[in-house]
Each structure stands twice: as C-alpha cells, then as structure tokens.
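S.K.: Data: work_12.tsv, TSV, C-alpha atoms.
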chain	number	residue	atom	x	y	z
A	213	ARG	CA	33.15	40.62	-12.27
A	214	ASN	CA	33.47	44.18	-11.05
A	215	PRO	CA	36.97	45.59	-11.54
A	216	GLY	CA	36.14	48.14	-8.85
A	217	HIS	CA	36.61	45.38	-6.25
A	218	ALA	CA	40.10	44.33	-7.42
A	219	ALA	CA	41.99	46.70	-5.09
A	220	GLU	CA	39.97	45.55	-2.08
A	221	VAL	CA	40.73	41.90	-2.92
A	222	ALA	CA	44.42	42.66	-3.44
A	223	GLU	CA	44.58	44.34	-0.01
A	224	THR	CA	43.81	40.95	1.58
A	225	GLY	CA	46.87	39.43	-0.08
A	226	ALA	CA	44.82	37.57	-2.67
A	227	ALA	CA	45.39	37.91	-6.41
A	228	PRO	CA	42.20	39.35	-7.93
A	229	VAL	CA	40.86	37.90	-11.17
A	230	VAL	CA	38.26	39.96	-12.99
A	231	ALA	CA	35.87	37.59	-14.75
A	232	ASP	CA	32.15	37.07	-15.22
A	233	VAL	CA	31.37	33.49	-14.19
A	234	GLU	CA	27.95	33.77	-15.78
A	235	HIS	CA	29.67	33.61	-19.17
A	236	LEU	CA	32.83	31.58	-18.50
A	237	GLY	CA	33.01	28.01	-19.78
A	238	ILE	CA	34.47	25.03	-17.96
A	239	GLU	CA	37.88	25.40	-19.61
A	240	GLU	CA	38.13	29.09	-18.74
A	241	ILE	CA	37.24	28.45	-15.13
A	242	ALA	CA	39.67	25.51	-15.02
A	243	ASP	CA	42.47	27.73	-16.33
A	244	THR	CA	41.72	30.28	-13.61
A	245	ILE	CA	41.82	27.77	-10.74
A	246	GLN	CA	44.66	25.57	-12.04
A	247	GLY	CA	47.26	24.96	-9.34
A	248	HIS	CA	45.03	25.84	-6.39
A	249	ASP	CA	44.26	23.51	-3.50
A	250	ALA	CA	40.55	24.27	-3.20
A	251	LEU	CA	37.65	26.12	-4.73
A	252	VAL	CA	35.16	27.96	-2.52
A	253	TRP	CA	32.10	28.78	-4.62
A	254	SER	CA	30.35	31.85	-3.27
A	255	ALA	CA	29.24	33.45	-6.53
A	256	GLY	CA	25.60	34.39	-6.78
A	257	ALA	CA	23.40	36.45	-9.05
A	258	GLY	CA	22.09	38.55	-6.19
A	259	GLY	CA	18.42	37.90	-6.88
A	260	GLY	CA	15.88	39.92	-8.78
A	261	ASN	CA	16.35	38.29	-12.17
A	262	PRO	CA	15.29	34.63	-12.41
A	263	ALA	CA	17.17	33.96	-15.67
A	264	ARG	CA	20.39	35.35	-14.24
A	265	THR	CA	19.83	33.48	-10.97
A	266	TYR	CA	19.61	30.18	-12.84
A	267	ALA	CA	22.60	31.15	-15.00
A	268	VAL	CA	24.89	31.87	-12.05
A	269	ASP	CA	23.56	29.97	-9.03
A	270	ARG	CA	22.91	26.81	-11.04
A	271	GLY	CA	24.67	26.91	-14.41
A	272	ALA	CA	27.94	28.60	-13.50
A	273	ALA	CA	28.11	26.69	-10.22
A	274	ILE	CA	27.81	23.36	-12.05
A	275	ARG	CA	30.41	24.45	-14.63
A	276	SER	CA	32.75	25.32	-11.76
A	277	MET	CA	32.46	21.74	-10.51
A	278	GLY	CA	33.46	20.40	-13.92
A	279	ALA	CA	36.28	22.93	-14.02
A	280	ALA	CA	37.51	21.86	-10.58
A	281	GLN	CA	37.60	18.24	-11.70
A	282	GLU	CA	39.37	19.22	-14.94
A	283	ALA	CA	41.95	21.34	-13.08
A	284	GLY	CA	42.58	18.68	-10.44
A	285	VAL	CA	41.23	20.90	-7.65
A	286	THR	CA	39.46	18.22	-5.65
A	287	ARG	CA	38.50	20.18	-2.51
A	288	TYR	CA	35.30	22.13	-3.13
A	289	VAL	CA	33.25	24.21	-0.70
A	290	MET	CA	29.83	25.39	-1.85
A	291	ILE	CA	28.21	28.37	-0.17
A	292	SER	CA	24.58	27.37	-0.54
A	293	SER	CA	21.55	28.33	1.50
A	294	PHE	CA	19.82	27.28	4.70
A	295	GLY	CA	17.16	24.73	3.83
A	296	ALA	CA	18.53	24.17	0.32
A	297	GLY	CA	17.45	20.91	-1.23
A	298	ALA	CA	14.65	19.24	-3.12
A	299	GLY	CA	12.28	19.84	-0.21
A	300	HIS	CA	13.08	23.54	0.15
A	301	GLY	CA	9.36	24.34	0.38
A	302	VAL	CA	9.50	27.68	-1.43
A	303	ALA	CA	6.31	28.23	-3.43
A	304	ARG	CA	6.67	28.45	-7.20
A	305	ASP	CA	5.14	31.95	-7.22
A	306	ASP	CA	7.54	33.24	-4.53
A	307	PRO	CA	10.29	35.51	-5.95
A	308	PHE	CA	12.80	33.43	-3.92
A	309	PHE	CA	11.83	30.24	-5.82
A	310	PRO	CA	14.45	30.52	-8.63
A	311	TYR	CA	17.21	30.91	-6.05
A	312	ALA	CA	16.00	27.96	-3.96
A	313	GLU	CA	15.67	25.79	-7.08
A	314	ALA	CA	19.07	26.83	-8.45
A	315	LYS	CA	20.79	26.09	-5.14
A	316	ALA	CA	19.00	22.75	-4.75
A	317	THR	CA	20.00	21.66	-8.25
A	318	ALA	CA	23.63	22.77	-7.88
A	319	ASP	CA	23.98	21.14	-4.46
A	320	ASN	CA	22.49	17.90	-5.72
A	321	TYR	CA	24.83	17.92	-8.72
A	322	LEU	CA	27.83	18.50	-6.42
A	323	ARG	CA	26.87	15.50	-4.30
A	324	GLY	CA	27.17	13.33	-7.41
A	325	THR	CA	30.71	14.44	-8.29
A	326	PHE	CA	33.99	12.91	-7.24
A	327	LEU	CA	35.01	16.15	-5.55
A	328	SER	CA	35.77	16.31	-1.82
A	329	TRP	CA	32.86	18.63	-1.15
A	330	THR	CA	31.34	20.46	1.77
A	331	ILE	CA	28.10	22.41	1.36
A	332	LEU	CA	27.50	25.32	3.70
A	333	GLY	CA	23.89	26.30	4.40
A	334	PRO	CA	23.94	29.69	6.07
A	335	SER	CA	20.71	31.28	7.25
A	336	ALA	CA	19.73	34.78	6.11
A	337	LEU	CA	22.90	36.77	5.50
A	338	THR	CA	23.66	40.04	7.24
A	339	LEU	CA	26.35	42.68	6.80
A	340	ASP	CA	27.01	42.73	10.55
A	341	PRO	CA	30.61	42.22	11.65
A	342	GLY	CA	31.41	38.59	12.34
A	343	THR	CA	31.79	37.48	15.93
A	344	GLY	CA	33.78	34.33	15.21
A	345	ARG	CA	30.94	32.34	16.78
A	346	ILE	CA	28.18	30.26	15.19
A	347	GLU	CA	25.74	27.48	15.84
A	348	VAL	CA	25.54	24.47	13.53
A	349	GLY	CA	23.35	21.43	13.32
A	350	ASP	CA	20.79	19.46	11.40
A	351	ASP	CA	17.88	20.71	13.50
A	352	LEU	CA	18.49	24.47	13.50
A	353	ALA	CA	15.63	26.90	13.07
A	354	PRO	CA	16.22	29.57	10.41
A	355	GLY	CA	18.07	32.56	11.78
A	356	ARG	CA	20.68	35.04	10.67
A	357	VAL	CA	24.41	34.84	10.06
A	358	SER	CA	26.96	37.46	9.08
A	359	ARG	CA	28.62	37.24	5.68
A	360	GLU	CA	31.94	37.52	7.48
A	361	GLY	CA	30.98	34.53	9.63
A	362	VAL	CA	30.16	32.48	6.54
A	363	ALA	CA	33.54	33.34	5.04
A	364	ARG	CA	35.24	32.24	8.26
A	365	VAL	CA	33.29	28.97	8.26
A	366	ALA	CA	34.33	28.33	4.63
A	367	ALA	CA	37.97	28.85	5.58
A	368	ALA	CA	37.64	26.66	8.67
A	369	VAL	CA	36.10	23.65	6.91
A	370	LEU	CA	39.00	23.52	4.46
A	371	ASP	CA	41.19	22.31	7.33
A	372	VAL	CA	38.72	19.75	8.72
A	373	PRO	CA	38.49	16.61	6.55
A	374	GLU	CA	35.54	15.39	8.62
A	375	THR	CA	33.41	18.06	6.92
A	376	ILE	CA	33.84	16.41	3.52
A	377	GLY	CA	30.54	15.05	2.27
A	378	ARG	CA	28.54	17.16	4.75
A	379	PHE	CA	25.84	19.83	4.51
A	380	ILE	CA	26.42	22.27	7.36
A	381	ALA	CA	23.58	24.63	8.31
A	382	SER	CA	24.61	27.63	10.39
A	383	ASN	CA	23.39	30.71	12.25
A	384	ASN	CA	25.17	33.27	14.38
A	385	GLY	CA	25.70	31.63	17.73
A	386	ASP	CA	27.82	31.28	20.84
A	387	THR	CA	30.33	28.58	19.85
A	388	PRO	CA	33.70	29.53	18.34
A	389	ILE	CA	33.64	28.59	14.65
A	390	GLU	CA	36.52	26.10	14.85
A	391	ASP	CA	34.91	24.34	17.83
A	392	ALA	CA	31.50	24.23	16.13
A	393	ILE	CA	32.99	22.76	12.96
A	394	ARG	CA	35.03	20.16	14.84
A	395	SER	CA	31.95	19.11	16.88
A	396	LEU	CA	30.11	17.83	13.81
In structure tokens, how does this file's structure come out?
M.R.:
Amino acid sequence: RNPGHAAEVAETGAAPVVADVEHLGIEEIADTIQGHDALVWSAGAGGGNPARTYAVDRGAAIRSMGAAQEAGVTRYVMISSFGAGAGHGVARDDPFFPYAEAKATADNYLRGTFLSWTILGPSALTLDPGTGRIEVGDDLAPGRVSREGVARVAAAVLDVPETIGRFIASNNGDTPIEDAIRSL
C-alpha cells in the first residue's frame, strides 16, 4: 500500500506490488497472485479505526481467500492472532474487540474453504529481532513473539504438509522453529 516500502521489499529478492487490499476486489487480488504457489495473508489495518479493521482484517482477508481459489493458489497461510476464534473473550467495549471479531470471522471463513490452510496465532507482536526459536501448542499462555519470528514460522509451515488444517498458537521460546513446527 505504501510505495515507500517497495525498495525494502525488492532488496529481499521479492517483486513488490503496490496495492491497497482494503479496496481491491477478488479479481484484482487473483490477478496479482496468479501463478504463485501460496498466499501468506499478513495484511492488517493496524488498529485504531474499527471500520478499517473490519474492512481489512475481515473483508479483504475473505476476498483474498476467494481470489486464491479463483487463481488456483491452494496453499494459504493466515497470520491471525493468539486466542482468535468465536470464544476470544474480548469485551464489546474494548478497543481490541473489532480486531478480535474480524480475525475470528476471517479464520472461521477460511476453515470452510477448500484451500489447504494453516492459521497462525501469534501472541503479542514485538519488533525484537527473531531468535529462530518459538514455543507452540494448544495450551500456551499468552506471551510475546517477534514479527520476524512469525514471518519465519509462516515460511516454515509452507514446507510442512502436516500443518494444513491446523491453528498454531506461538510465543517466543526455546525450540528451533522447524523443530517446533514438525513436532505438532
């Protein structure tokens, strides 16, 4: 969305695409991802504006799922949120409620698609450098995880078919990412 990030993306070897997913339709997203092997959805509104949160974290996310199906990109990794789901427990008057609701709705929708999906549920995100180590599990207490660590987990699950159809909660931890993912 921000052309100021294009050079940084290009430096990684990726081909940057400047687009605003909040306003792209299914066909436009499908055209953008056509020919790719997977879609990792990490877009988010960034909080602060409930209408925009619903538009991006729910609406655009759901459109991306339709676009993936239309483009034949069957592998889909959703970066969601720790505790996301119908029972997220966030009070309606909490400013975090729109985000929790949007993520719960998008995740639930994804579960009903024919995509080969994995949903990642990272705890509170930090800007700390990644360590390459996490903890995963269904009974984790909320914690913290680096954004870099989440990106590494997203890349790792793409190569592990056993993660398809799974919600994976994670925190920073002591286990190498690849080992943690393969232990599920």
S.K.: Atom CA of A:Ala353 and atom CA of A:Arg287, how far apart in Å?
M.R.: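 If I compute the distance from atom CA of A:Arg287 to atom CA of A:Ala353, I get 28.5 Å.
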S.K.: Could you check which of A:Pro354, A:Glu347, A:Glu360, A:Met277 is closest to A:Asp319, using all atoms listed in the file?
M.R.: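 Of A:Pro354, A:Glu347, A:Glu360, A:Met277, the one nearest A:Asp319 is A:Met277, counting all atoms listed in the file.
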S.K.: Just the number, please: distance in Å from atom CA of A:Ile331 to atom CA of A:Glu223, one decimal.
M.R.: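 Here the two named atoms are 27.5 Å from each other.
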S.K.: For atom CA of A:Ala314 and atom CA of A:Gly385, quote the distance in Å rounded to one decimal.
M.R.: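 Separation between atom CA of A:Ala314 and atom CA of A:Gly385: 27.4 Å.
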S.K.: If you count only C-alpha atoms, which residues fall within 12 Å of A:Asp386, apart from same-chain ones fewer than 3 positions away, as a list in words?
M.R.: Gly342, Thr343, Gly344, Arg345, Ile346, Glu347, Val348, Val357, Ser382, Asn383, Ile389, Glu390, Asp391 and Ala392 of chain A
S.K.: Write out as an MDAnalysis selection string each polymer residue whose atoms come within 9 Å of A:Ala263, counting all atoms listed in the file; drop sequence neighbours fewer than 4 positions from it.
M.R.: chainID A and resid 267:268 310
S.K.: Those same residues - C-alpha atoms - I'd like them written as a short mmCIF file (atom, residue, chain, number, x, y, z; two decimals), in the coordinates of the input.
M.R.:
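Saved as selection.cif:
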data_model
loop_
_atom_site.label_atom_id
_atom_site.label_comp_id
_atom_site.auth_asym_id
_atom_site.auth_seq_id
_atom_site.Cartn_x
_atom_site.Cartn_y
_atom_site.Cartn_z
CA ALA A 267 22.60 31.15 -15.00
CA VAL A 268 24.89 31.87 -12.05
CA PRO A 310 14.45 30.52 -8.63
#
S.K.: Could you tell me which of A:Ala227, A:Val285, A:Val362, A:Met290 comes closest to A:Phe326 if we count only C-alpha atoms?
M.R.: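 Looking at the shortest contact to A:Phe326, the residue is A:Val285.
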S.K.: For each of A:Gly301, A:Gly324, A:Gly278, A:Gly295, take the minimum atom-to-atom distance to A:Gly377, counting all atoms listed in the file, then give the residue where this is smallest.
M.R.: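 Answer, going by the shortest atom-to-atom distance: A:Gly324.
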S.K.: Using all atoms listed in the file, pick whichever of A:Ala298, A:Leu322, A:Ile376, A:Ala381 has the shortest atom-to-atom distance to A:Ser335.
M.R.: A:Ala381
S.K.: Which residues are close to A:Pro307, i.e. within 9 Å by only C-alpha atoms, leaving aside same-chain residues fewer than 6 positions away? Reply as JSON, numbers by chain.
M.R.: {"A": [259, 260, 262]}
S.K.: Please produce stretch 378-392 of chain A, completed to N, CA, C and O atoms, as an mmCIF file, in the frame of the given file.
M.R.:
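The result, stored in selection_20.cif:
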data_model
loop_
_atom_site.group_PDB
_atom_site.id
_atom_site.type_symbol
_atom_site.label_atom_id
_atom_site.label_comp_id
_atom_site.auth_asym_id
_atom_site.auth_seq_id
_atom_site.Cartn_x
_atom_site.Cartn_y
_atom_site.Cartn_z
ATOM 1 N N ARG A 378 29.532 16.678 3.785
ATOM 2 C CA ARG A 378 28.540 17.160 4.750
ATOM 3 C C ARG A 378 27.845 18.424 4.268
ATOM 4 O O ARG A 378 28.463 19.272 3.631
ATOM 5 N N PHE A 379 26.578 18.572 4.622
ATOM 6 C CA PHE A 379 25.840 19.830 4.510
ATOM 7 C C PHE A 379 25.840 20.416 5.905
ATOM 8 O O PHE A 379 25.420 19.747 6.857
ATOM 9 N N ILE A 380 26.303 21.653 6.045
ATOM 10 C CA ILE A 380 26.420 22.270 7.360
ATOM 11 C C ILE A 380 25.570 23.537 7.398
ATOM 12 O O ILE A 380 25.915 24.550 6.790
ATOM 13 N N ALA A 381 24.443 23.457 8.096
ATOM 14 C CA ALA A 381 23.580 24.630 8.310
ATOM 15 C C ALA A 381 24.177 25.449 9.439
ATOM 16 O O ALA A 381 24.731 24.900 10.396
ATOM 17 N N SER A 382 24.044 26.797 9.337
ATOM 18 C CA SER A 382 24.610 27.630 10.390
ATOM 19 C C SER A 382 23.836 28.928 10.587
ATOM 20 O O SER A 382 23.214 29.449 9.670
ATOM 21 N N ASN A 383 23.911 29.409 11.817
ATOM 22 C CA ASN A 383 23.390 30.710 12.250
ATOM 23 C C ASN A 383 24.487 31.372 13.072
ATOM 24 O O ASN A 383 25.423 30.702 13.528
ATOM 25 N N ASN A 384 24.340 32.655 13.348
ATOM 26 C CA ASN A 384 25.170 33.270 14.380
ATOM 27 C C ASN A 384 24.890 32.492 15.656
ATOM 28 O O ASN A 384 23.787 31.979 15.854
ATOM 29 N N GLY A 385 25.886 32.391 16.504
ATOM 30 C CA GLY A 385 25.700 31.630 17.730
ATOM 31 C C GLY A 385 26.722 31.973 18.779
ATOM 32 O O GLY A 385 27.355 33.030 18.722
ATOM 33 N N ASP A 386 26.927 31.045 19.704
ATOM 34 C CA ASP A 386 27.820 31.280 20.840
ATOM 35 C C ASP A 386 29.088 30.436 20.814
ATOM 36 O O ASP A 386 29.962 30.625 21.662
ATOM 37 N N THR A 387 29.194 29.493 19.882
ATOM 38 C CA THR A 387 30.330 28.580 19.850
ATOM 39 C C THR A 387 31.387 29.093 18.880
ATOM 40 O O THR A 387 31.053 29.445 17.743
ATOM 41 N N PRO A 388 32.658 29.140 19.290
ATOM 42 C CA PRO A 388 33.700 29.530 18.340
ATOM 43 C C PRO A 388 33.623 28.658 17.078
ATOM 44 O O PRO A 388 33.369 27.451 17.169
ATOM 45 N N ILE A 389 33.814 29.280 15.938
ATOM 46 C CA ILE A 389 33.640 28.590 14.650
ATOM 47 C C ILE A 389 34.416 27.289 14.603
ATOM 48 O O ILE A 389 33.859 26.248 14.233
ATOM 49 N N GLU A 390 35.692 27.311 14.942
ATOM 50 C CA GLU A 390 36.520 26.100 14.850
ATOM 51 C C GLU A 390 35.966 24.989 15.736
ATOM 52 O O GLU A 390 35.957 23.824 15.342
ATOM 53 N N ASP A 391 35.490 25.341 16.929
ATOM 54 C CA ASP A 391 34.910 24.340 17.830
ATOM 55 C C ASP A 391 33.607 23.790 17.268
ATOM 56 O O ASP A 391 33.356 22.576 17.338
ATOM 57 N N ALA A 392 32.765 24.667 16.706
ATOM 58 C CA ALA A 392 31.500 24.230 16.130
ATOM 59 C C ALA A 392 31.749 23.263 14.980
ATOM 60 O O ALA A 392 31.080 22.240 14.861
#
